[in-house]
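In what follows, a single structure is set out as structure tokens and then discussed.
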Amino acid sequence: MDEVRSNPNRAVRVAFVSDSMPERNGVGAYYADLIAQLDPREFDSRFRCPGGDIRGGLHFPLPGDATQQVYLPSPRSFVRTMKDLRPDVVVSATPGPFGMLGARWARKLGARLIFGFHTDYAGVTDLYQRSVLKVLSRGYFRVVDRMLFK
């Protein structure tokens with residue numbers, strides 16, 4: 001951020017990182033709309049999400065909703081896009097693989113990190129009722145909470 005302060009004419013580089021595709025749901029649409037509203041002279045904003053410029057990786061159906069996918073990005077492709085942008089700010093919009101990699105790389109690159117979780121993810125796990133998926137997903141969100149809010 002010191003570079004931004006010392007050069008007020010340079011646009012602030014912002015990486016919006018989300019596990020949601022822009023056209024798939026409200027979170028993705030919200031950030032795509034937000035980026036479209038930012039003045040490009042002031043913000044160099046990029047959306048890092050499934051279906052964007054991060055190639056490779058794996059995907060599998062979201063438990064409970066086979067119409068949606070969980071994407072595991074290619075770490076090499078993700079790192080390349082983050083290093084190319086060199087963001088001053090990383091906005092992590094979701095606590096999935098993309099959001100967690102974004103948080104990790106914000107720290108590695110010395111960027112400011114903003115969390116923008118818009119869903120009660122732990123509450124969503126109640127949909128699994130008494131299944132092993134509920135136990136696993138609750139455990140995952142406990143780990144994520146500890147990591148992100150430490």
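Every chain in the structure tokens has a letter given in the order shown (A, B, ...), and although residue numbers restart at 1 in each chain, ligands are simply numbered from 1 in the order shown.
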Contacts between range 17-22 of chain A and range 31-146 of chain A, please, where a residue of range 31-146 of chain A counts if it comes within 10 Å (with only C-alpha atoms); show its shortest atom pair and distance in Å to one decimal, rows by chain and ascending number, as CSV.
residue,atom,partner,partner_atom,distance
A:Tyr31,CA,A:Pro22,CA,7.3
A:Ala32,CA,A:Pro22,CA,5.8
A:Asp33,CA,A:Pro22,CA,8.8
A:Arg46,CA,A:Val17,CA,8.4
A:Phe47,CA,A:Val17,CA,6.0
A:Arg48,CA,A:Val17,CA,4.7
A:Cys49,CA,A:Ser18,CA,5.1
A:Pro50,CA,A:Met21,CA,5.7
A:Gly51,CA,A:Met21,CA,6.6
A:Gly52,CA,A:Met21,CA,8.2
A:Gln68,CA,A:Ser20,CA,9.5
A:Gln69,CA,A:Ser20,CA,9.2
A:Val70,CA,A:Asp19,CA,7.6
A:Tyr71,CA,A:Asp19,CA,7.1
A:Leu72,CA,A:Asp19,CA,9.0
A:Pro73,CA,A:Asp19,CA,9.4
A:Val90,CA,A:Val17,CA,7.1
A:Val91,CA,A:Val17,CA,6.0
A:Ser92,CA,A:Val17,CA,5.0
A:Ala93,CA,A:Ser18,CA,5.1
A:Thr94,CA,A:Ser18,CA,5.3
A:Pro95,CA,A:Asp19,CA,7.8
A:Gly96,CA,A:Asp19,CA,6.0
A:Pro97,CA,A:Asp19,CA,6.9
A:Phe98,CA,A:Asp19,CA,5.3
A:Gly99,CA,A:Ser18,CA,5.4
A:Met100,CA,A:Val17,CA,8.8
A:Leu101,CA,A:Val17,CA,8.5
A:Gly102,CA,A:Val17,CA,6.0
A:Ala103,CA,A:Val17,CA,8.7
A:Phe115,CA,A:Val17,CA,9.8
A:Gly116,CA,A:Ser18,CA,9.6
A:Phe117,CA,A:Ser18,CA,9.7
Backbone-only DSSP, strand (DSSP E) members of chain A, as number ranges by chain: A: 12-17, 43-48, 58-62, 65-72, 89-92, 112-115
Those same residues, written as an mmCIF file, in the first residue's frame with C-alpha atoms?
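Generated output (part-v3.cif):
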data_model
loop_
_atom_site.group_PDB
_atom_site.id
_atom_site.type_symbol
_atom_site.label_atom_id
_atom_site.label_comp_id
_atom_site.auth_asym_id
_atom_site.auth_seq_id
_atom_site.Cartn_x
_atom_site.Cartn_y
_atom_site.Cartn_z
ATOM 1 C CA VAL A 12 -5.353 0.653 -6.640
ATOM 2 C CA ARG A 13 -5.054 -2.969 -7.749
ATOM 3 C CA VAL A 14 -7.870 -5.080 -6.290
ATOM 4 C CA ALA A 15 -8.360 -8.827 -6.631
ATOM 5 C CA PHE A 16 -11.919 -9.940 -5.907
ATOM 6 C CA VAL A 17 -11.687 -13.663 -5.168
ATOM 7 C CA PHE A 43 -9.178 0.857 -9.383
ATOM 8 C CA ASP A 44 -7.562 -1.890 -11.421
ATOM 9 C CA SER A 45 -10.049 -4.583 -10.374
ATOM 10 C CA ARG A 46 -9.994 -8.220 -11.390
ATOM 11 C CA PHE A 47 -12.399 -11.025 -10.545
ATOM 12 C CA ARG A 48 -10.627 -14.289 -9.719
ATOM 13 C CA LEU A 58 -10.759 -30.018 -10.363
ATOM 14 C CA HIS A 59 -14.464 -29.690 -9.748
ATOM 15 C CA PHE A 60 -17.205 -31.848 -8.290
ATOM 16 C CA PRO A 61 -20.919 -31.407 -7.518
ATOM 17 C CA LEU A 62 -21.860 -29.365 -4.478
ATOM 18 C CA ASP A 65 -27.220 -29.309 -5.164
ATOM 19 C CA ALA A 66 -25.807 -31.211 -8.121
ATOM 20 C CA THR A 67 -26.495 -28.187 -10.376
ATOM 21 C CA GLN A 68 -23.624 -26.324 -8.694
ATOM 22 C CA GLN A 69 -19.965 -27.261 -8.551
ATOM 23 C CA VAL A 70 -17.168 -26.861 -6.025
ATOM 24 C CA TYR A 71 -14.022 -25.844 -7.892
ATOM 25 C CA LEU A 72 -10.498 -26.550 -6.740
ATOM 26 C CA VAL A 89 -6.159 -5.299 -1.754
ATOM 27 C CA VAL A 90 -7.691 -8.772 -1.881
ATOM 28 C CA VAL A 91 -11.426 -9.109 -1.281
ATOM 29 C CA SER A 92 -12.211 -12.692 -0.310
ATOM 30 C CA ARG A 112 -4.738 -5.724 2.590
ATOM 31 C CA LEU A 113 -7.394 -8.411 3.059
ATOM 32 C CA ILE A 114 -11.135 -7.835 3.249
ATOM 33 C CA PHE A 115 -13.613 -10.630 3.975
#
Pick from A:Gly110, A:Gly57, A:Pro40, A:Gly26, whichever lies nearest to Asp88 in chain A using only C-alpha atoms: A:Gly110
10 Å contact set for range 142-145 of chain A, only C-alpha atoms, chain neighbours under 3 positions out, as a ChimeraX atom specification: /A:95-96,100,122,136-139,148-150
Atoms kept (N, CA and C atoms) for selection, written as a PDB file, in the first residue's frame:
ATOM      1  N   PRO A  95     -15.634 -18.527   1.554  1.00  0.00           N
ATOM      2  CA  PRO A  95     -14.650 -19.291   2.320  1.00  0.00           C
ATOM      3  C   PRO A  95     -14.273 -20.632   1.689  1.00  0.00           C
ATOM      4  N   GLY A  96     -14.484 -20.773   0.386  1.00  0.00           N
ATOM      5  CA  GLY A  96     -14.117 -22.010  -0.298  1.00  0.00           C
ATOM      6  C   GLY A  96     -12.667 -21.966  -0.758  1.00  0.00           C
ATOM      7  N   MET A 100     -10.032 -18.967   0.142  1.00  0.00           N
ATOM      8  CA  MET A 100      -8.940 -19.267   1.064  1.00  0.00           C
ATOM      9  C   MET A 100      -7.586 -19.048   0.401  1.00  0.00           C
ATOM     10  N   ALA A 122     -22.101 -21.697   8.032  1.00  0.00           N
ATOM     11  CA  ALA A 122     -22.300 -22.706   9.076  1.00  0.00           C
ATOM     12  C   ALA A 122     -23.784 -23.066   9.187  1.00  0.00           C
ATOM     13  N   LEU A 136     -18.536 -32.940   8.648  1.00  0.00           N
ATOM     14  CA  LEU A 136     -17.352 -32.524   7.884  1.00  0.00           C
ATOM     15  C   LEU A 136     -17.409 -31.041   7.517  1.00  0.00           C
ATOM     16  N   SER A 137     -18.563 -30.591   7.048  1.00  0.00           N
ATOM     17  CA  SER A 137     -18.651 -29.185   6.633  1.00  0.00           C
ATOM     18  C   SER A 137     -18.565 -28.250   7.835  1.00  0.00           C
ATOM     19  N   ARG A 138     -19.150 -28.614   8.954  1.00  0.00           N
ATOM     20  CA  ARG A 138     -19.032 -27.785  10.171  1.00  0.00           C
ATOM     21  C   ARG A 138     -17.573 -27.707  10.611  1.00  0.00           C
ATOM     22  N   GLY A 139     -16.883 -28.843  10.557  1.00  0.00           N
ATOM     23  CA  GLY A 139     -15.459 -28.859  10.912  1.00  0.00           C
ATOM     24  C   GLY A 139     -14.648 -27.960   9.993  1.00  0.00           C
ATOM     25  N   LEU A 148      -8.987 -17.424   9.310  1.00  0.00           N
ATOM     26  CA  LEU A 148      -9.246 -16.097   8.785  1.00  0.00           C
ATOM     27  C   LEU A 148      -9.324 -15.027   9.864  1.00  0.00           C
ATOM     28  N   PHE A 149      -9.776 -15.387  11.045  1.00  0.00           N
ATOM     29  CA  PHE A 149      -9.984 -14.374  12.074  1.00  0.00           C
ATOM     30  C   PHE A 149      -8.929 -14.403  13.166  1.00  0.00           C
ATOM     31  N   LYS A 150      -7.865 -15.161  12.932  1.00  0.00           N
ATOM     32  CA  LYS A 150      -6.777 -15.275  13.890  1.00  0.00           C
ATOM     33  C   LYS A 150      -6.053 -13.956  14.072  1.00  0.00           C
TER      34      LYS A 150
END
Separation of CA of Tyr140 in chain A from CA of Thr125 in chain A in Å: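 Those two atoms sit 10.5 Å apart.
Rounded to one decimal, CA of Gly28 in chain A and CA of Tyr128 in chain A lie 23.8 Å from each other.
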Picked from chain A by DSSP as helix (DSSP H, G or I), as an MDAnalysis selection string: chainID A and resid 2:6 26:37 75:85 97:109 121:128 132:149
